[in-house]
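data05.txt follows (compact mmCIF, C-alpha atoms and all ligand atoms):
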# COMPACT_ATOMS: atom_id res chain seq x y z
CA MET A 1 146.97 85.78 25.15
CA THR A 2 143.86 87.71 26.01
CA SER A 3 144.16 90.32 28.70
CA GLU A 4 141.94 88.12 30.86
CA GLN A 5 144.48 85.31 30.77
CA GLN A 6 147.27 87.74 31.58
CA LYS A 7 145.39 88.77 34.70
CA LEU A 8 144.88 85.23 35.87
CA PRO A 9 148.19 84.67 37.62
CA ALA A 10 147.76 87.79 39.78
CA ALA A 11 144.16 86.94 40.57
CA MET A 12 145.29 83.42 41.39
CA GLN A 13 148.04 84.77 43.56
CA LEU A 14 145.56 86.78 45.56
CA ARG A 15 143.79 83.51 46.34
CA ARG A 16 146.91 81.57 47.22
CA ARG A 17 146.93 79.30 50.22
CA ASP A 18 149.23 79.86 53.15
CA ALA A 19 151.86 77.11 53.23
CA ARG A 20 152.08 77.23 57.02
CA ILE A 21 148.37 76.48 57.36
CA LEU A 22 148.29 73.96 54.49
CA ALA A 23 150.52 71.67 56.52
CA ARG A 24 148.05 71.58 59.43
CA ARG A 25 145.04 69.42 60.22
CA LEU A 26 141.48 70.24 59.14
CA GLU A 27 140.39 71.53 62.56
CA THR A 28 143.33 73.94 62.67
CA GLN A 29 142.77 74.95 59.05
CA CYS A 30 139.12 75.81 59.78
CA VAL A 31 140.29 78.27 62.41
CA HIS A 32 143.34 79.79 60.72
CA ALA A 33 143.06 79.41 56.93
CA GLY A 34 142.46 82.74 55.19
CA GLU A 35 143.22 84.79 58.28
CA HIS A 36 146.28 86.98 58.89
CA GLN A 37 146.64 87.99 55.26
CA ASP A 38 149.54 90.22 54.32
CA PRO A 39 148.28 93.72 53.72
CA ILE A 40 148.04 94.66 50.04
CA PRO A 41 149.01 98.22 49.05
CA ALA A 42 145.51 99.15 47.82
CA ARG A 43 143.51 101.01 50.44
CA PRO A 44 139.75 100.53 50.51
CA SER A 45 137.99 103.77 49.55
CA THR A 46 135.58 103.44 52.48
CA THR A 47 136.08 102.06 55.96
CA PRO A 48 135.74 98.28 56.16
CA ILE A 49 133.87 96.61 59.00
CA HIS A 50 136.58 95.31 61.30
CA LEU A 51 134.88 92.79 63.53
CA ALA A 52 138.00 91.53 65.29
CA THR A 53 137.75 91.80 69.06
CA THR A 54 141.51 91.53 69.44
CA PHE A 55 144.61 92.51 67.44
CA THR A 56 147.98 90.84 67.07
CA TYR A 57 151.47 92.26 66.49
CA PRO A 58 154.58 90.70 64.90
CA HIS A 59 156.61 91.41 68.06
CA THR A 60 155.42 91.17 71.63
CA ARG A 61 157.24 94.41 72.38
CA GLU A 62 154.89 96.28 70.01
CA LEU A 63 151.85 94.82 71.75
CA ASP A 64 153.36 95.77 75.08
CA ASP A 65 153.90 99.37 73.92
CA VAL A 66 150.26 99.65 72.88
CA LEU A 67 149.05 98.06 76.12
CA ALA A 68 151.12 100.53 78.12
CA SER A 69 149.79 103.46 76.01
CA ARG A 70 153.31 104.28 74.77
CA THR A 71 152.14 103.98 71.16
CA PRO A 72 148.63 104.24 69.71
CA GLY A 73 147.17 100.98 68.46
CA TYR A 74 144.42 98.44 68.78
CA VAL A 75 144.50 95.65 71.34
CA TYR A 76 141.02 94.73 72.47
CA ALA A 77 137.84 96.10 70.89
CA ARG A 78 136.31 97.46 74.10
CA TYR A 79 139.25 99.90 74.30
CA ALA A 80 139.25 100.88 70.61
CA SER A 81 138.41 99.30 67.27
CA PRO A 82 139.16 100.60 63.74
CA THR A 83 135.64 100.97 62.27
CA THR A 84 134.26 102.54 65.43
CA ASN A 85 137.34 104.75 65.60
CA ALA A 86 136.67 106.02 62.07
CA LEU A 87 133.20 107.11 63.19
CA GLU A 88 134.63 108.72 66.33
CA GLN A 89 137.13 110.71 64.29
CA ALA A 90 134.38 111.87 61.93
CA LEU A 91 132.10 112.98 64.78
CA ALA A 92 134.85 114.85 66.63
CA THR A 93 135.69 116.65 63.38
CA LEU A 94 132.10 117.75 62.74
CA GLU A 95 131.49 118.88 66.31
CA ASN A 96 134.80 120.68 66.70
CA ALA A 97 135.60 118.48 69.71
CA ASP A 98 138.95 116.93 70.59
CA ALA A 99 137.54 113.42 70.80
CA ALA A 100 134.39 111.35 70.51
CA LEU A 101 133.42 108.11 72.22
CA ALA A 102 130.90 106.11 70.23
CA CYS A 103 128.34 104.33 72.39
CA SER A 104 125.88 101.51 71.93
CA SER A 105 122.89 103.91 72.05
CA GLY A 106 122.02 107.52 72.72
CA MET A 107 121.07 106.58 76.28
CA ALA A 108 124.42 104.84 76.80
CA ALA A 109 126.01 108.13 75.70
CA VAL A 110 123.87 110.15 78.15
CA HIS A 111 124.83 107.72 80.93
CA LEU A 112 128.52 107.81 80.01
CA ALA A 113 128.58 111.61 79.83
CA ILE A 114 127.08 111.90 83.31
CA VAL A 115 129.29 109.27 84.97
CA GLY A 116 132.42 110.32 83.03
CA SER A 117 131.94 114.00 83.94
CA GLN A 118 133.39 113.09 87.34
CA VAL A 119 130.34 113.88 89.46
CA ARG A 120 130.44 112.03 92.74
CA ALA A 121 127.99 110.91 95.41
CA GLY A 122 126.60 113.92 97.24
CA ASP A 123 126.73 116.23 94.17
CA ALA A 124 123.58 117.81 92.77
CA VAL A 125 122.76 117.50 89.05
CA LEU A 126 120.59 120.16 87.41
CA CYS A 127 118.45 118.79 84.59
CA ALA A 128 115.96 120.46 82.22
CA ALA A 129 112.32 119.61 82.91
CA ASP A 130 111.49 118.74 79.32
CA ILE A 131 114.60 116.72 78.53
CA TYR A 132 114.24 113.46 76.59
CA GLY A 133 111.90 111.17 78.57
CA THR A 134 114.38 108.37 79.28
CA THR A 135 117.07 110.87 80.32
CA TYR A 136 114.53 112.38 82.69
CA ALA A 137 113.86 108.91 84.12
CA LEU A 138 117.59 108.16 84.42
CA VAL A 139 118.27 111.41 86.26
CA ASN A 140 115.33 110.92 88.61
CA SER A 141 115.63 107.21 89.36
CA LEU A 142 119.20 105.99 88.79
CA LEU A 143 121.12 109.05 90.00
CA PRO A 144 119.50 109.20 93.47
CA ARG A 145 120.43 105.54 93.97
CA LEU A 146 124.05 106.50 93.27
CA GLY A 147 123.86 109.27 95.84
CA LEU A 148 123.46 112.11 93.32
CA GLN A 149 120.77 114.64 93.90
CA PRO A 150 118.60 115.61 90.88
CA ILE A 151 117.20 119.12 90.55
CA ILE A 152 114.69 119.82 87.76
CA ALA A 153 114.17 123.29 86.27
CA ASP A 154 112.59 125.06 83.32
CA PHE A 155 115.56 126.16 81.21
CA THR A 156 113.53 128.75 79.32
CA HIS A 157 113.76 130.78 82.57
CA LEU A 158 117.43 131.68 82.94
CA ASP A 159 116.83 133.43 86.27
CA GLU A 160 115.47 130.18 87.70
CA VAL A 161 118.53 128.34 86.40
CA GLU A 162 120.88 130.92 87.92
CA ASP A 163 119.04 130.86 91.23
CA ILE A 164 119.54 127.11 91.53
CA LEU A 165 123.19 127.35 90.46
CA ARG A 166 123.85 130.00 93.09
CA THR A 167 121.98 128.47 96.00
CA ARG A 168 122.30 124.72 95.45
CA ARG A 169 125.61 124.54 93.61
CA PRO A 170 124.97 121.60 91.25
CA ARG A 171 128.20 120.21 89.78
CA LEU A 172 126.59 119.25 86.51
CA VAL A 173 123.94 120.75 84.20
CA ILE A 174 122.25 118.68 81.50
CA PHE A 175 119.83 119.97 78.84
CA GLU A 176 118.88 120.10 75.17
CA ALA A 177 119.03 123.29 73.10
CA LEU A 178 115.82 122.39 71.27
CA THR A 179 113.34 120.48 73.38
CA ASN A 180 111.08 117.58 72.63
CA PRO A 181 108.19 117.64 71.79
CA LEU A 182 107.34 121.36 72.13
CA LEU A 183 110.51 122.57 70.38
CA LYS A 184 111.28 125.18 73.01
CA VAL A 185 114.49 126.99 72.16
CA ILE A 186 116.97 127.26 75.05
CA ASP A 187 119.61 129.98 75.13
CA ALA A 188 122.33 127.33 75.30
CA PRO A 189 125.37 129.69 75.26
CA ALA A 190 123.85 131.66 78.16
CA VAL A 191 123.18 128.47 80.17
CA VAL A 192 126.76 127.25 79.62
CA GLU A 193 128.13 130.60 80.71
CA LEU A 194 125.99 130.56 83.88
CA ALA A 195 127.02 126.97 84.65
CA HIS A 196 130.70 127.88 84.39
CA ARG A 197 130.23 130.99 86.51
CA TYR A 198 129.10 128.70 89.35
CA ALA A 199 131.72 126.00 88.67
CA ALA A 200 129.33 123.48 87.12
CA ARG A 201 130.02 121.50 83.96
CA ALA A 202 127.53 121.45 81.09
CA ILE A 203 126.31 118.51 79.00
CA ILE A 204 124.23 119.39 75.93
CA ASP A 205 122.22 116.66 74.23
CA SER A 206 122.38 117.97 70.66
CA THR A 207 120.38 115.20 68.99
CA PHE A 208 117.63 117.56 67.80
CA THR A 209 119.90 120.40 66.78
CA THR A 210 122.62 118.31 65.10
CA PRO A 211 125.98 119.81 64.03
CA MET A 212 124.22 121.44 61.06
CA THR A 213 122.22 123.71 63.37
CA LEU A 214 124.37 124.23 66.44
CA LEU A 215 127.98 123.58 67.52
CA PRO A 216 127.92 123.59 71.35
CA MET A 217 131.71 123.10 71.68
CA ASN A 218 132.14 126.51 70.03
CA PHE A 219 130.34 128.28 72.89
CA GLY A 220 132.03 126.30 75.63
CA ALA A 221 129.85 123.25 76.33
CA ASP A 222 131.95 120.71 78.23
CA PHE A 223 130.29 117.63 76.77
CA VAL A 224 128.04 117.06 73.77
CA VAL A 225 125.85 114.00 73.52
CA HIS A 226 124.13 112.54 70.47
CA SER A 227 121.70 109.82 69.73
CA LEU A 228 123.15 108.89 66.33
CA THR A 229 120.08 106.70 65.93
CA LYS A 230 118.25 109.81 64.78
CA PHE A 231 119.46 112.33 62.17
CA LEU A 232 123.16 111.51 61.96
CA ALA A 233 122.72 107.84 60.98
CA GLY A 234 119.26 108.65 59.65
CA HIS A 235 117.98 105.45 58.06
CA GLY A 236 116.21 103.76 60.94
CA ASP A 237 118.54 100.77 60.92
CA VAL A 238 121.05 101.40 63.69
CA LEU A 239 120.99 102.25 67.39
CA ALA A 240 124.03 104.34 68.35
CA GLY A 241 125.19 107.31 70.39
CA ALA A 242 128.27 109.39 71.11
CA VAL A 243 129.86 111.62 73.73
CA LEU A 244 132.12 114.45 72.57
CA CYS A 245 134.67 116.04 74.84
CA ARG A 246 137.86 118.06 75.05
CA ALA A 247 141.36 116.65 75.59
CA PRO A 248 141.58 117.28 79.39
CA ASP A 249 138.35 115.31 79.94
CA PHE A 250 139.18 112.52 77.53
CA GLU A 251 141.07 110.15 79.81
CA GLN A 252 138.34 110.01 82.44
CA MET A 253 135.63 109.65 79.80
CA TYR A 254 137.59 106.91 78.02
CA ILE A 255 138.30 104.94 81.19
CA THR A 256 134.64 105.22 82.19
CA SER A 257 133.56 104.03 78.73
CA TYR A 258 135.61 100.84 78.79
CA GLN A 259 134.67 100.18 82.40
CA LEU A 260 130.96 100.56 81.56
CA GLY A 261 131.49 98.62 78.32
CA CYS A 262 129.07 100.88 76.50
CA ASN A 263 131.12 101.06 73.30
CA LEU A 264 129.57 100.78 69.84
CA ASP A 265 129.68 97.57 67.81
CA PRO A 266 131.62 97.83 64.49
CA HIS A 267 128.61 96.81 62.35
CA ALA A 268 126.61 99.63 63.88
CA ALA A 269 129.56 102.02 63.55
CA TYR A 270 129.78 101.23 59.85
CA LEU A 271 126.09 102.01 59.33
CA ALA A 272 126.35 105.25 61.31
CA LEU A 273 129.45 106.29 59.36
CA ARG A 274 127.71 105.52 56.09
CA GLY A 275 124.65 107.51 57.17
CA LEU A 276 126.81 110.45 58.18
CA LYS A 277 128.01 110.97 54.61
CA THR A 278 124.57 112.10 53.42
CA PHE A 279 123.46 113.71 56.68
CA PRO A 280 123.72 117.36 55.49
CA LEU A 281 121.71 116.63 52.34
CA ARG A 282 119.02 114.80 54.27
CA PHE A 283 118.87 117.33 57.07
CA GLU A 284 118.49 120.32 54.76
CA ARG A 285 115.60 118.65 52.99
CA GLN A 286 114.06 117.53 56.30
CA CYS A 287 114.22 121.07 57.70
CA ALA A 288 112.73 122.54 54.51
CA ASN A 289 109.92 119.96 54.61
CA ALA A 290 109.29 120.64 58.32
CA MET A 291 109.06 124.39 57.64
CA GLU A 292 106.55 123.91 54.84
CA LEU A 293 104.48 121.39 56.82
CA ALA A 294 104.44 123.74 59.83
CA ARG A 295 103.03 126.55 57.64
CA PHE A 296 100.52 124.19 56.07
CA LEU A 297 99.31 122.83 59.42
CA GLU A 298 99.10 126.30 60.97
CA SER A 299 96.44 127.23 58.45
CA HIS A 300 94.65 123.86 58.51
CA PRO A 301 91.11 123.86 59.99
CA GLY A 302 91.72 120.51 61.73
CA VAL A 303 94.68 121.85 63.72
CA SER A 304 94.47 124.20 66.70
CA ARG A 305 98.16 124.90 67.30
CA VAL A 306 101.56 124.24 65.72
CA TYR A 307 104.90 124.20 67.56
CA TYR A 308 107.85 124.87 65.26
CA PRO A 309 110.62 127.41 65.91
CA GLY A 310 110.71 128.35 62.22
CA LEU A 311 107.25 129.91 62.56
CA PRO A 312 107.14 133.57 63.64
CA SER A 313 104.27 132.57 65.98
CA HIS A 314 106.67 130.37 68.01
CA PRO A 315 107.96 132.01 71.23
CA GLY A 316 111.51 130.79 70.50
CA HIS A 317 111.60 132.05 66.90
CA ALA A 318 113.82 135.09 67.46
CA LEU A 319 116.24 133.16 69.70
CA ALA A 320 116.43 130.34 67.15
CA GLY A 321 117.15 132.90 64.45
CA ARG A 322 120.06 134.16 66.51
CA LEU A 323 121.49 130.79 67.65
CA PHE A 324 120.79 128.39 64.81
CA ARG A 325 122.49 128.14 61.47
CA SER A 326 120.49 130.18 59.00
CA GLY A 327 117.16 128.67 57.95
CA LEU A 328 117.69 125.36 59.76
CA PHE A 329 115.05 125.28 62.48
CA GLY A 330 115.12 121.52 62.83
CA ALA A 331 113.08 118.75 61.26
CA VAL A 332 110.67 118.05 64.11
CA LEU A 333 107.36 119.84 64.68
CA SER A 334 104.40 119.19 66.90
CA PHE A 335 100.76 120.13 66.57
CA GLU A 336 97.54 119.89 68.49
CA ILE A 337 94.56 118.34 66.79
CA LYS A 338 91.45 120.53 67.06
CA ASP A 339 89.31 119.20 69.94
CA GLY A 340 91.95 116.49 70.18
CA SER A 341 92.18 113.44 72.42
CA ALA A 342 94.22 110.24 72.55
CA GLN A 343 91.47 108.61 70.49
CA LYS A 344 91.63 111.27 67.77
CA ALA A 345 95.42 111.21 67.72
CA PHE A 346 95.40 107.42 67.30
CA ALA A 347 92.83 107.69 64.49
CA LEU A 348 94.98 110.28 62.72
CA MET A 349 98.06 108.10 63.01
CA GLU A 350 96.23 105.07 61.64
CA ARG A 351 94.79 106.96 58.66
CA LEU A 352 98.11 108.33 57.46
CA ARG A 353 99.35 106.39 54.43
CA ILE A 354 102.88 107.70 53.92
CA ILE A 355 103.83 109.13 57.29
CA GLN A 356 104.61 106.19 59.58
CA PRO A 357 103.46 106.01 63.18
CA ALA A 358 106.79 105.16 64.83
CA THR A 359 108.67 105.82 68.04
CA THR A 360 111.66 107.56 66.55
CA LEU A 361 112.65 110.68 64.64
CA GLY A 362 115.26 111.81 62.16
CA ASP A 363 114.75 109.00 59.65
CA VAL A 364 114.60 109.47 55.87
CA GLN A 365 110.94 108.52 56.21
CA SER A 366 108.50 110.85 57.94
CA THR A 367 107.30 109.52 61.27
CA ILE A 368 104.60 110.57 63.70
CA LEU A 369 104.26 109.82 67.40
CA TYR A 370 101.99 110.48 70.37
CA PRO A 371 104.35 111.93 73.02
CA ALA A 372 102.12 111.32 76.04
CA HIS A 373 102.33 107.56 75.40
CA SER A 374 105.82 107.16 73.98
CA SER A 375 108.76 109.54 74.33
CA HIS A 376 107.25 110.99 77.51
CA ALA A 377 105.44 107.93 78.86
CA ALA A 378 107.77 108.00 81.86
CA LEU A 379 106.24 111.29 83.03
CA THR A 380 103.29 111.44 85.41
CA GLU A 381 100.07 113.28 84.44
CA GLU A 382 101.20 116.18 86.62
CA GLU A 383 104.67 116.31 85.03
CA LEU A 384 103.13 116.21 81.53
CA ALA A 385 100.89 119.15 82.36
CA LYS A 386 103.81 121.07 83.83
CA VAL A 387 105.86 120.59 80.66
CA GLY A 388 102.82 121.50 78.53
CA ILE A 389 102.25 118.22 76.70
CA SER A 390 98.51 117.95 76.07
CA ARG A 391 96.44 114.93 75.10
CA ALA A 392 95.79 116.55 71.69
CA LEU A 393 99.49 116.77 70.82
CA VAL A 394 101.23 114.73 68.13
CA ARG A 395 104.85 115.04 67.04
CA LEU A 396 105.99 114.81 63.47
CA SER A 397 109.52 114.19 62.21
CA ALA A 398 109.79 115.31 58.59
CA GLY A 399 111.50 112.88 56.23
CA ILE A 400 112.95 113.52 52.78
CA GLU A 401 109.83 112.61 50.77
CA HIS A 402 108.27 115.16 48.38
CA VAL A 403 106.55 117.68 50.61
CA GLU A 404 103.35 117.75 48.52
CA ASP A 405 102.84 114.04 49.20
CA LEU A 406 103.28 114.68 52.94
CA LYS A 407 100.79 117.58 52.87
CA GLU A 408 98.22 115.50 50.98
CA ASP A 409 98.68 112.66 53.45
CA LEU A 410 98.15 114.91 56.49
CA ASP A 411 95.23 116.68 54.83
CA GLN A 412 93.30 113.48 54.04
CA ALA A 413 93.90 112.06 57.54
CA LEU A 414 92.94 115.32 59.33
CA ARG A 415 89.78 115.73 57.24
CA SER A 416 88.66 112.19 58.06
CA LEU A 417 88.59 112.83 61.82
C1 LIG B 501 116.41 109.25 71.05
C2 LIG B 501 117.03 110.22 71.94
C3 LIG B 501 117.90 109.81 72.97
C4 LIG B 501 118.19 108.34 73.22
O1 LIG B 501 118.83 107.76 72.13
P1 LIG B 501 118.77 106.17 71.83
O2 LIG B 501 119.68 106.05 70.66
O3 LIG B 501 117.34 105.84 71.56
O4 LIG B 501 119.27 105.50 73.05
C5 LIG B 501 118.48 110.76 73.77
N1 LIG B 501 118.22 112.07 73.59
C6 LIG B 501 117.40 112.51 72.62
C7 LIG B 501 117.16 113.96 72.48
C8 LIG B 501 116.77 111.61 71.77
O5 LIG B 501 115.93 112.04 70.81

Is it possible to give me this structure as structure tokens?
Amino acid sequence: MTSEQQKLPAAMQLRRRDARILARRLETQCVHAGEHQDPIPARPSTTPIHLATTFTYPHTRELDDVLASRTPGYVYARYASPTTNALEQALATLENADAALACSSGMAAVHLAIVGSQVRAGDAVLCAADIYGTTYALVNSLLPRLGLQPIIADFTHLDEVEDILRTRRPRLVIFEALTNPLLKVIDAPAVVELAHRYAARAIIDSTFTTPMTLLPMNFGADFVVHSLTKFLAGHGDVLAGAVLCRAPDFEQMYITSYQLGCNLDPHAAYLALRGLKTFPLRFERQCANAMELARFLESHPGVSRVYYPGLPSHPGHALAGRLFRSGLFGAVLSFEIKDGSAQKAFALMERLRIIQPATTLGDVQSTILYPAHSSHAALTEEELAKVGISRALVRLSAGIEHVEDLKEDLDQALRSL
């Protein structure tokens, strides 16, 4: 007998039909045949995509124990689901948090973090002026309708932040440690300390900083939020977010998450988990590329100003050097086109051949965007001016391509203007 023939019976056995289902009618077989297989001892080396929305147990008592939270287990996918849970465990590990709740998008995570932080009608919420555009819109339009009072401040001025905390007593503070699109560096540990001094809780959206650059849980942030859509998943093929919290806050956050129903789909969780495996490699290259592009653009005749905290010319450079993990100043930079306008910015974006004009960041591919019309389109002309976003400004997210190809691409497009 060849070894192939010897293997046949086992391979055949794996494909055996279930006698209980064989005895049924076609319609019943269509539903049940192949399902409920006995587990085989081999464990898959990576997490499978578990799409089941519900889970069964051999004894009703076991199901009842899980339902009553006496034992951990899966019951219904809005409460917990294995693939999504694998991602949540990975994220909590990286961020040094007790738990993560994976959400259907970064904005779902922002929403969950706010609602699950236990603010209530009548409370004030202090939000950074140059926070992500949709978060800004959420804070200013949805929160007032829920009876929460938004207060907007420039978080680069700690005295202004403290003044508001002391006089208006917001219950919640929400900000990013590295802002978009001007890459202002916020003294996040100092803000968290101030918030706690005045009995406020702090949410940090760490999408731009990522766990490679900053670990907000380590300096006391109450909640960390991510858009996994960006660097952590990194391939431009999945929309996802997460809230990270500590054990005492978990129950409220968890209840809020299944009441909102903002949990992440297992397909998306699989893609995010897969992306996460190569995140450090991608991010290091992206940061190195961003640094080199920032230097290149700073000396380019077609560019009047570059915003990148890795450059000594950036006002947040020293602070970034102190707060961020060594050499990782992020992968996003912005620059102003000389004598720029919306028209010139659009022409630049159209003439680029490798760098893609796209409303996202953090992908393996380099992308470019016009903030005044995309990420910050929700802001009025006055608000844009206040934050410092000019009509000449474009934002670049460095990908993992060879940096010389990116430089050549920018050079040819800038020279054609
Ligand atoms: C993209 C982004 C969000 C929103 O994330 P989505 O996944 O698009 O919902 C929130 N905060 C920051 C800083 C972002 O860049």

Any idea what the distance is between atom CA of A:Arg325 and atom CA of A:Ala128? 23.1 Å

Cut-off 7 Å: closest chain A/ligand LIG 501 (chain B) atom pairs per residue, using all atoms listed in the file, as a tab-separated table:
residue	atom	partner	partner_atom	distance
A:Ser105	CA	B:LIG501	O4	4.1
A:Gly106	CA	B:LIG501	O1	3.3
A:Met107	CA	B:LIG501	O4	3.9
A:Ala108	CA	B:LIG501	O4	6.4
A:Val110	CA	B:LIG501	C5	7.0
A:Tyr132	CA	B:LIG501	C7	5.1
A:Thr135	CA	B:LIG501	C5	6.7
A:Glu176	CA	B:LIG501	C7	6.9
A:Asp205	CA	B:LIG501	C7	6.0
A:Ser206	CA	B:LIG501	C7	6.8
A:Thr207	CA	B:LIG501	C7	4.9
A:Phe208	CA	B:LIG501	C7	5.9
A:His226	CA	B:LIG501	N1	6.7
A:Ser227	CA	B:LIG501	O1	4.3
A:Leu228	CA	B:LIG501	O2	6.2
A:Thr229	CA	B:LIG501	O2	4.8
A:Lys230	CA	B:LIG501	C1	6.6
A:Leu239	CA	B:LIG501	O2	5.2
A:Ala240	CA	B:LIG501	O2	5.2
A:Gly241	CA	B:LIG501	O2	5.7
A:Thr360	CA	B:LIG501	C1	6.8

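Contact shell of stretch 178-181 of chain A at 8 Å (all atoms listed in the file; same-chain neighbours under 5 positions omitted): Asp130, Ile131, Tyr132, Ile186, Ser206, Phe208, Thr209, Leu333, Ser334, Pro371, Ile389 and Arg395 of chain A.
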
Using only C-alpha atoms, please write the residues we just selected to a file, as a short mmCIF file (atom, residue, chain, number, x, y, z; two decimals), keeping the file's coordinate frame.
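File produced: again.cif:
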data_model
loop_
_atom_site.label_atom_id
_atom_site.label_comp_id
_atom_site.auth_asym_id
_atom_site.auth_seq_id
_atom_site.Cartn_x
_atom_site.Cartn_y
_atom_site.Cartn_z
CA ASP A 130 111.49 118.74 79.32
CA ILE A 131 114.60 116.72 78.53
CA TYR A 132 114.24 113.46 76.59
CA ILE A 186 116.97 127.26 75.05
CA SER A 206 122.38 117.97 70.66
CA PHE A 208 117.63 117.56 67.80
CA THR A 209 119.90 120.40 66.78
CA LEU A 333 107.36 119.84 64.68
CA SER A 334 104.40 119.19 66.90
CA PRO A 371 104.35 111.93 73.02
CA ILE A 389 102.25 118.22 76.70
CA ARG A 395 104.85 115.04 67.04
#

Please, what distance in Å, to one decimal, runs between atom CA of A:Ala102 and atom CA of A:Leu126? 24.5 Å

I'd like the neighbourhood of A:Thr134 as a PDB file with C-alpha atoms, in the frame of the given file, where a residue qualifies if any of its atoms comes within 10 Å (using only C-alpha atoms), though same-chain residues fewer than 4 positions away should be ignored.
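Once written, around-v2.pdb looks like this:
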ATOM      1  CA  MET A 107     121.070 106.580  76.280  1.00  0.00           C
ATOM      2  CA  VAL A 110     123.870 110.150  78.150  1.00  0.00           C
ATOM      3  CA  LEU A 138     117.590 108.160  84.420  1.00  0.00           C
ATOM      4  CA  VAL A 139     118.270 111.410  86.260  1.00  0.00           C
ATOM      5  CA  ASN A 140     115.330 110.920  88.610  1.00  0.00           C
ATOM      6  CA  SER A 375     108.760 109.540  74.330  1.00  0.00           C
ATOM      7  CA  HIS A 376     107.250 110.990  77.510  1.00  0.00           C
ATOM      8  CA  ALA A 377     105.440 107.930  78.860  1.00  0.00           C
ATOM      9  CA  ALA A 378     107.770 108.000  81.860  1.00  0.00           C
ATOM     10  CA  LEU A 379     106.240 111.290  83.030  1.00  0.00           C
TER      11      LEU A 379
END

Residues at most 12 Å from A:Arg201, counting all atoms listed in the file, excluding those fewer than 2 positions away in the same chain, as a PyMOL selection string? chain A and resi 113-114+116-119+123-127+165+169-175+191-199+203-204+220-224+245+249

Of the candidates A:Phe329, A:Tyr74, A:Tyr254, A:Phe231, which one gets nearest to A:Thr210 if we count all atoms listed in the file? A:Phe231

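Taking only C-alpha atoms into account, A:Gln365 lies nearest to A:Arg285 out of the set A:Arg295, A:Lys338, A:Arg305, A:Arg285.
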
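The shortest atom-to-atom distance to A:Lys386, with all atoms listed in the file taken into account, belongs to A:Ala129 out of A:Met291, A:Ala129, A:Ile337, A:Ala242.
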
For stretch 305-321 of chain A, what centre and edge lengths in Å (one decimal) does the axis-aligned box get once 4 Å is added on each side of all its listed atoms, as AutoDock Vina command-line options?
--center_x 107.7 --center_y 129.6 --center_z 66.7 --size_x 27.0 --size_y 18.9 --size_z 17.0

Report, in Å to a single decimal, how far apart atom CA of A:Phe283 and atom CA of A:Leu264 are. 23.5 Å

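Closest approach to A:Phe250 among A:Leu101, A:Leu94, A:Leu417, A:Ser45: A:Leu101, based on only C-alpha atoms.
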
Any chance you could model N, CA and C atoms for stretch 37-48 of chain A and send them as a PDB file, in the frame of the given file?
ATOM      1  N   GLN A  37     146.099  87.747  56.595  1.00  0.00           N
ATOM      2  CA  GLN A  37     146.640  87.990  55.260  1.00  0.00           C
ATOM      3  C   GLN A  37     147.606  89.162  55.307  1.00  0.00           C
ATOM      4  N   ASP A  38     148.617  89.084  54.419  1.00  0.00           N
ATOM      5  CA  ASP A  38     149.540  90.220  54.320  1.00  0.00           C
ATOM      6  C   ASP A  38     148.745  91.397  53.764  1.00  0.00           C
ATOM      7  N   PRO A  39     149.003  92.580  54.262  1.00  0.00           N
ATOM      8  CA  PRO A  39     148.280  93.720  53.720  1.00  0.00           C
ATOM      9  C   PRO A  39     148.674  93.967  52.267  1.00  0.00           C
ATOM     10  N   ILE A  40     147.717  94.304  51.422  1.00  0.00           N
ATOM     11  CA  ILE A  40     148.040  94.660  50.040  1.00  0.00           C
ATOM     12  C   ILE A  40     148.064  96.187  49.965  1.00  0.00           C
ATOM     13  N   PRO A  41     148.831  96.773  49.034  1.00  0.00           N
ATOM     14  CA  PRO A  41     149.010  98.220  49.050  1.00  0.00           C
ATOM     15  C   PRO A  41     147.718  99.015  48.799  1.00  0.00           C
ATOM     16  N   ALA A  42     146.738  98.397  48.105  1.00  0.00           N
ATOM     17  CA  ALA A  42     145.510  99.150  47.820  1.00  0.00           C
ATOM     18  C   ALA A  42     144.748  99.421  49.110  1.00  0.00           C
ATOM     19  N   ARG A  43     144.309 100.667  49.268  1.00  0.00           N
ATOM     20  CA  ARG A  43     143.510 101.010  50.440  1.00  0.00           C
ATOM     21  C   ARG A  43     142.036 101.011  50.049  1.00  0.00           C
ATOM     22  N   PRO A  44     141.174 100.453  50.852  1.00  0.00           N
ATOM     23  CA  PRO A  44     139.750 100.530  50.510  1.00  0.00           C
ATOM     24  C   PRO A  44     139.302 102.001  50.528  1.00  0.00           C
ATOM     25  N   SER A  45     138.395 102.359  49.631  1.00  0.00           N
ATOM     26  CA  SER A  45     137.990 103.770  49.550  1.00  0.00           C
ATOM     27  C   SER A  45     137.031 104.145  50.674  1.00  0.00           C
ATOM     28  N   THR A  46     136.394 103.151  51.287  1.00  0.00           N
ATOM     29  CA  THR A  46     135.580 103.440  52.480  1.00  0.00           C
ATOM     30  C   THR A  46     136.018 102.497  53.591  1.00  0.00           C
ATOM     31  N   THR A  47     135.630 102.840  54.802  1.00  0.00           N
ATOM     32  CA  THR A  47     136.080 102.060  55.960  1.00  0.00           C
ATOM     33  C   THR A  47     135.468 100.668  55.974  1.00  0.00           C
ATOM     34  N   PRO A  48     136.298  99.633  56.044  1.00  0.00           N
ATOM     35  CA  PRO A  48     135.740  98.280  56.160  1.00  0.00           C
ATOM     36  C   PRO A  48     135.183  98.028  57.564  1.00  0.00           C
TER      37      PRO A  48
END
